[in-house]
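Here is the structure we will look at.
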Amino acid sequence: MKEYILLHNDFYPKSAFILTENLKKLCQKLQIPIAGIQKIACENRLLPFVDELKYYGQILRALVEAQKKESKLLVYDSQTLLGILEFFRKYYEDLEFKEQLLKDFGIEVDILELEKCFIFMPEVILQNIKGLHKKRRWEGFKCAFLLDRELEKIVRDYYLIEEFENILGLKILTFYKDSLDYLLLSNKRLAHKMGGRDYYEMVDCGVDCIITPNIGNFELLDRNAHENKRASGRDDLEIPLLFISQIFLALFEEFGASDLLFDQHIIAPKML
């Protein structure tokens, strides 16, 4: 089996740490070979404020390095995935961008081969978890699955919701929304207002938890939970945010709340 290099958005280190530690444990349990970890600061909606070539250059470097090592990037947050997909779109559609990028970084690339050098984490989990003995600890629970609006077609094409429900025993309600974490840098008051709006919309559907592959969503809705609650004028703050890796790791009985780092959440999960 080809080794993977874990790649994630490190724009929010505390939130990224919870995701990364859980994924490392899950990869070990599923015997997914990991050759290393890379991190980049990836948030497409901040592009007006950063050097575009430098921003996409970090993605190009990560892809080229994986290709040289004959490995594949295991992308495990949706913001990084969207950054990579946008890189390829610009490479194909913007000749000036392509020429300047290759000139600045002095790299000759086979773009078709680079497209084979990354994969999104849920696909790898589903490939490796089927057939393993596990307990359906989520049977009877209902969750909201908070996904980036741009991923709707991918999720539908790969039947991810149906696959997740079948393996986990969860009832899943999908919510496709734009990630609003970038507002934390420019207008915190608005960020907390909008974050509270999205959080309580899902809570009021009667869910037991909210799952997301987006580190920015976790940062806004969990790390800023008390601020969001005040901005919304609500008293309740009980429904936790969970990463996909935590949901799957919890299927194995040897992993308890402390292993899943539930104590590092602002809204502490209490279901295990």
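Residues in the structure tokens are numbered from 1 in each chain, the chains being A, B, ... in the order shown, and ligands are numbered from 1 in the order shown.
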
10 Å contact set for stretch 254-267 of chain A, only C-alpha atoms, chain neighbours under 4 positions out, as a ChimeraX atom specification = /A:14-15,17-19,21-23,25-26,218,221-226,237-243,245-247,249-250,271-272

What would the file look like if the residues just selected were written as a short mmCIF file (atom, residue, chain, number, x, y, z; two decimals), in the first residue's frame with N, CA and C atoms?
```cif
data_model
loop_
_atom_site.label_atom_id
_atom_site.label_comp_id
_atom_site.auth_asym_id
_atom_site.auth_seq_id
_atom_site.Cartn_x
_atom_site.Cartn_y
_atom_site.Cartn_z
N LYS A 14 -5.01 25.14 17.50
CA LYS A 14 -5.67 24.37 18.56
C LYS A 14 -6.74 23.44 18.00
N SER A 15 -7.53 23.96 17.09
CA SER A 15 -8.55 23.11 16.46
C SER A 15 -7.91 22.03 15.60
N PHE A 17 -5.06 20.64 16.05
CA PHE A 17 -4.44 19.63 16.91
C PHE A 17 -5.44 18.53 17.27
N ILE A 18 -6.66 18.90 17.63
CA ILE A 18 -7.68 17.91 17.97
C ILE A 18 -7.94 16.98 16.80
N LEU A 19 -8.09 17.56 15.62
CA LEU A 19 -8.33 16.77 14.41
C LEU A 19 -7.15 15.86 14.11
N GLU A 21 -4.59 14.69 16.01
CA GLU A 21 -4.33 13.61 16.96
C GLU A 21 -5.34 12.48 16.82
N ASN A 22 -6.59 12.82 16.57
CA ASN A 22 -7.60 11.77 16.36
C ASN A 22 -7.35 11.01 15.07
N LEU A 23 -6.96 11.72 14.02
CA LEU A 23 -6.72 11.05 12.75
C LEU A 23 -5.51 10.12 12.83
N LYS A 25 -4.50 8.45 15.40
CA LYS A 25 -4.94 7.24 16.10
C LYS A 25 -5.80 6.37 15.19
N LEU A 26 -6.67 7.01 14.40
CA LEU A 26 -7.53 6.26 13.50
C LEU A 26 -6.71 5.58 12.41
N PHE A 218 -15.05 24.41 12.94
CA PHE A 218 -14.83 24.01 14.32
C PHE A 218 -14.34 25.20 15.14
N LEU A 221 -17.43 27.63 15.58
CA LEU A 221 -18.61 27.15 16.30
C LEU A 221 -18.29 26.50 17.64
N ASP A 222 -17.06 26.00 17.81
CA ASP A 222 -16.69 25.44 19.12
C ASP A 222 -15.80 26.39 19.91
N ARG A 223 -14.67 26.81 19.34
CA ARG A 223 -13.74 27.65 20.10
C ARG A 223 -14.35 29.00 20.46
N ASN A 224 -15.34 29.45 19.70
CA ASN A 224 -16.01 30.73 19.96
C ASN A 224 -17.46 30.52 20.41
N ALA A 225 -17.73 29.36 20.99
CA ALA A 225 -19.11 28.98 21.30
C ALA A 225 -19.80 29.95 22.26
N HIS A 226 -19.11 30.36 23.31
CA HIS A 226 -19.75 31.24 24.30
C HIS A 226 -20.06 32.61 23.70
N LEU A 237 -26.29 25.62 25.35
CA LEU A 237 -25.01 25.39 24.67
C LEU A 237 -24.54 23.98 25.00
N GLU A 238 -25.20 22.99 24.41
CA GLU A 238 -24.96 21.60 24.78
C GLU A 238 -24.58 20.71 23.61
N ILE A 239 -24.89 21.10 22.39
CA ILE A 239 -24.67 20.22 21.23
C ILE A 239 -23.25 20.42 20.74
N PRO A 240 -22.41 19.37 20.79
CA PRO A 240 -20.99 19.52 20.48
C PRO A 240 -20.67 19.43 18.99
N LEU A 241 -19.51 19.99 18.63
CA LEU A 241 -18.92 19.83 17.30
C LEU A 241 -17.95 18.66 17.35
N LEU A 242 -17.96 17.83 16.31
CA LEU A 242 -17.05 16.70 16.21
C LEU A 242 -16.43 16.66 14.82
N PHE A 243 -15.19 16.23 14.76
CA PHE A 243 -14.55 15.98 13.47
C PHE A 243 -14.89 14.56 13.00
N SER A 245 -12.96 12.22 11.98
CA SER A 245 -12.07 11.20 12.55
C SER A 245 -12.50 10.80 13.95
N GLN A 246 -13.05 11.72 14.73
CA GLN A 246 -13.53 11.38 16.07
C GLN A 246 -14.73 10.44 16.00
N ILE A 247 -15.63 10.71 15.06
CA ILE A 247 -16.83 9.89 14.92
C ILE A 247 -16.46 8.45 14.60
N LEU A 249 -13.37 6.99 15.01
CA LEU A 249 -12.53 6.41 16.06
C LEU A 249 -13.38 5.90 17.21
N ALA A 250 -14.49 6.57 17.48
CA ALA A 250 -15.36 6.17 18.58
C ALA A 250 -16.04 4.82 18.34
N MET A 271 -21.67 12.15 25.03
CA MET A 271 -22.41 10.97 24.60
C MET A 271 -21.65 9.65 24.80
N LEU A 272 -20.35 9.71 25.12
CA LEU A 272 -19.59 8.47 25.33
C LEU A 272 -19.19 8.36 26.79
#
```

Apply DSSP to the structure's backbone, then extract all residues of stretch 60-144 of chain A labelled strand (DSSP E) and return them as a list in words.
-> Lys72, Leu73, Leu74, Val75, Phe118, Ile119, Phe120, Lys142, Cys143 and Ala144 of chain A

Rank nothing, just name the residue among A:Glu227, A:Leu160, A:Tyr12, A:Ser78 nearest to A:Lys188, using only C-alpha atoms.
->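 Using only C-alpha atoms, A:Lys188 sits closest to A:Glu227.
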
Kindly give the distance, in Å, that separates atom CA of A:Ile119 and atom CA of A:Tyr4, rounded to a single decimal.
->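 Those two atoms sit 9.3 Å apart.
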
Contact residues around A:Ser71 with only C-alpha atoms at 7 Å, ignoring same-chain residues under 4 positions, as a list in words = Lys2, Glu3, Tyr4, Ile5, Ala66 and Gln67 of chain A

Shell of 12 Å around A:Leu53, only C-alpha atoms, local chain residues under 5 positions omitted, as a ChimeraX atom specification | /A:47-48,58-61,87,90-91,96-105

Can you tell me, as a ChimeraX atom specification, what residues are no more than 10 Å from A:Leu126 when counting only C-alpha atoms, ignoring any on the same chain fewer than 5 positions away?
-> /A:121,160,163-164,167,248

Using N, CA, C and O atoms, can you write the selected residues to a file as a compact mmCIF listing (two decimals), in the first residue's frame?
```txt
# COMPACT_ATOMS: atom_id res chain seq x y z
N MET A 121 -9.69 12.53 2.87
CA MET A 121 -9.67 11.58 3.97
C MET A 121 -10.88 10.64 4.08
O MET A 121 -10.70 9.43 4.29
N LEU A 160 -21.39 9.73 0.03
CA LEU A 160 -20.74 9.75 1.34
C LEU A 160 -21.74 9.69 2.49
O LEU A 160 -21.49 9.01 3.49
N GLU A 163 -23.00 6.14 2.85
CA GLU A 163 -21.93 5.29 3.36
C GLU A 163 -21.73 5.52 4.86
O GLU A 163 -21.57 4.59 5.64
N PHE A 164 -21.72 6.79 5.26
CA PHE A 164 -21.53 7.12 6.67
C PHE A 164 -22.67 6.56 7.52
O PHE A 164 -22.44 5.99 8.59
N ILE A 167 -22.35 2.70 7.98
CA ILE A 167 -21.28 2.24 8.86
C ILE A 167 -21.46 2.71 10.30
O ILE A 167 -21.24 1.96 11.25
N PHE A 248 -15.50 8.26 13.69
CA PHE A 248 -15.11 6.91 13.30
C PHE A 248 -14.24 6.24 14.37
O PHE A 248 -14.37 5.04 14.62
```
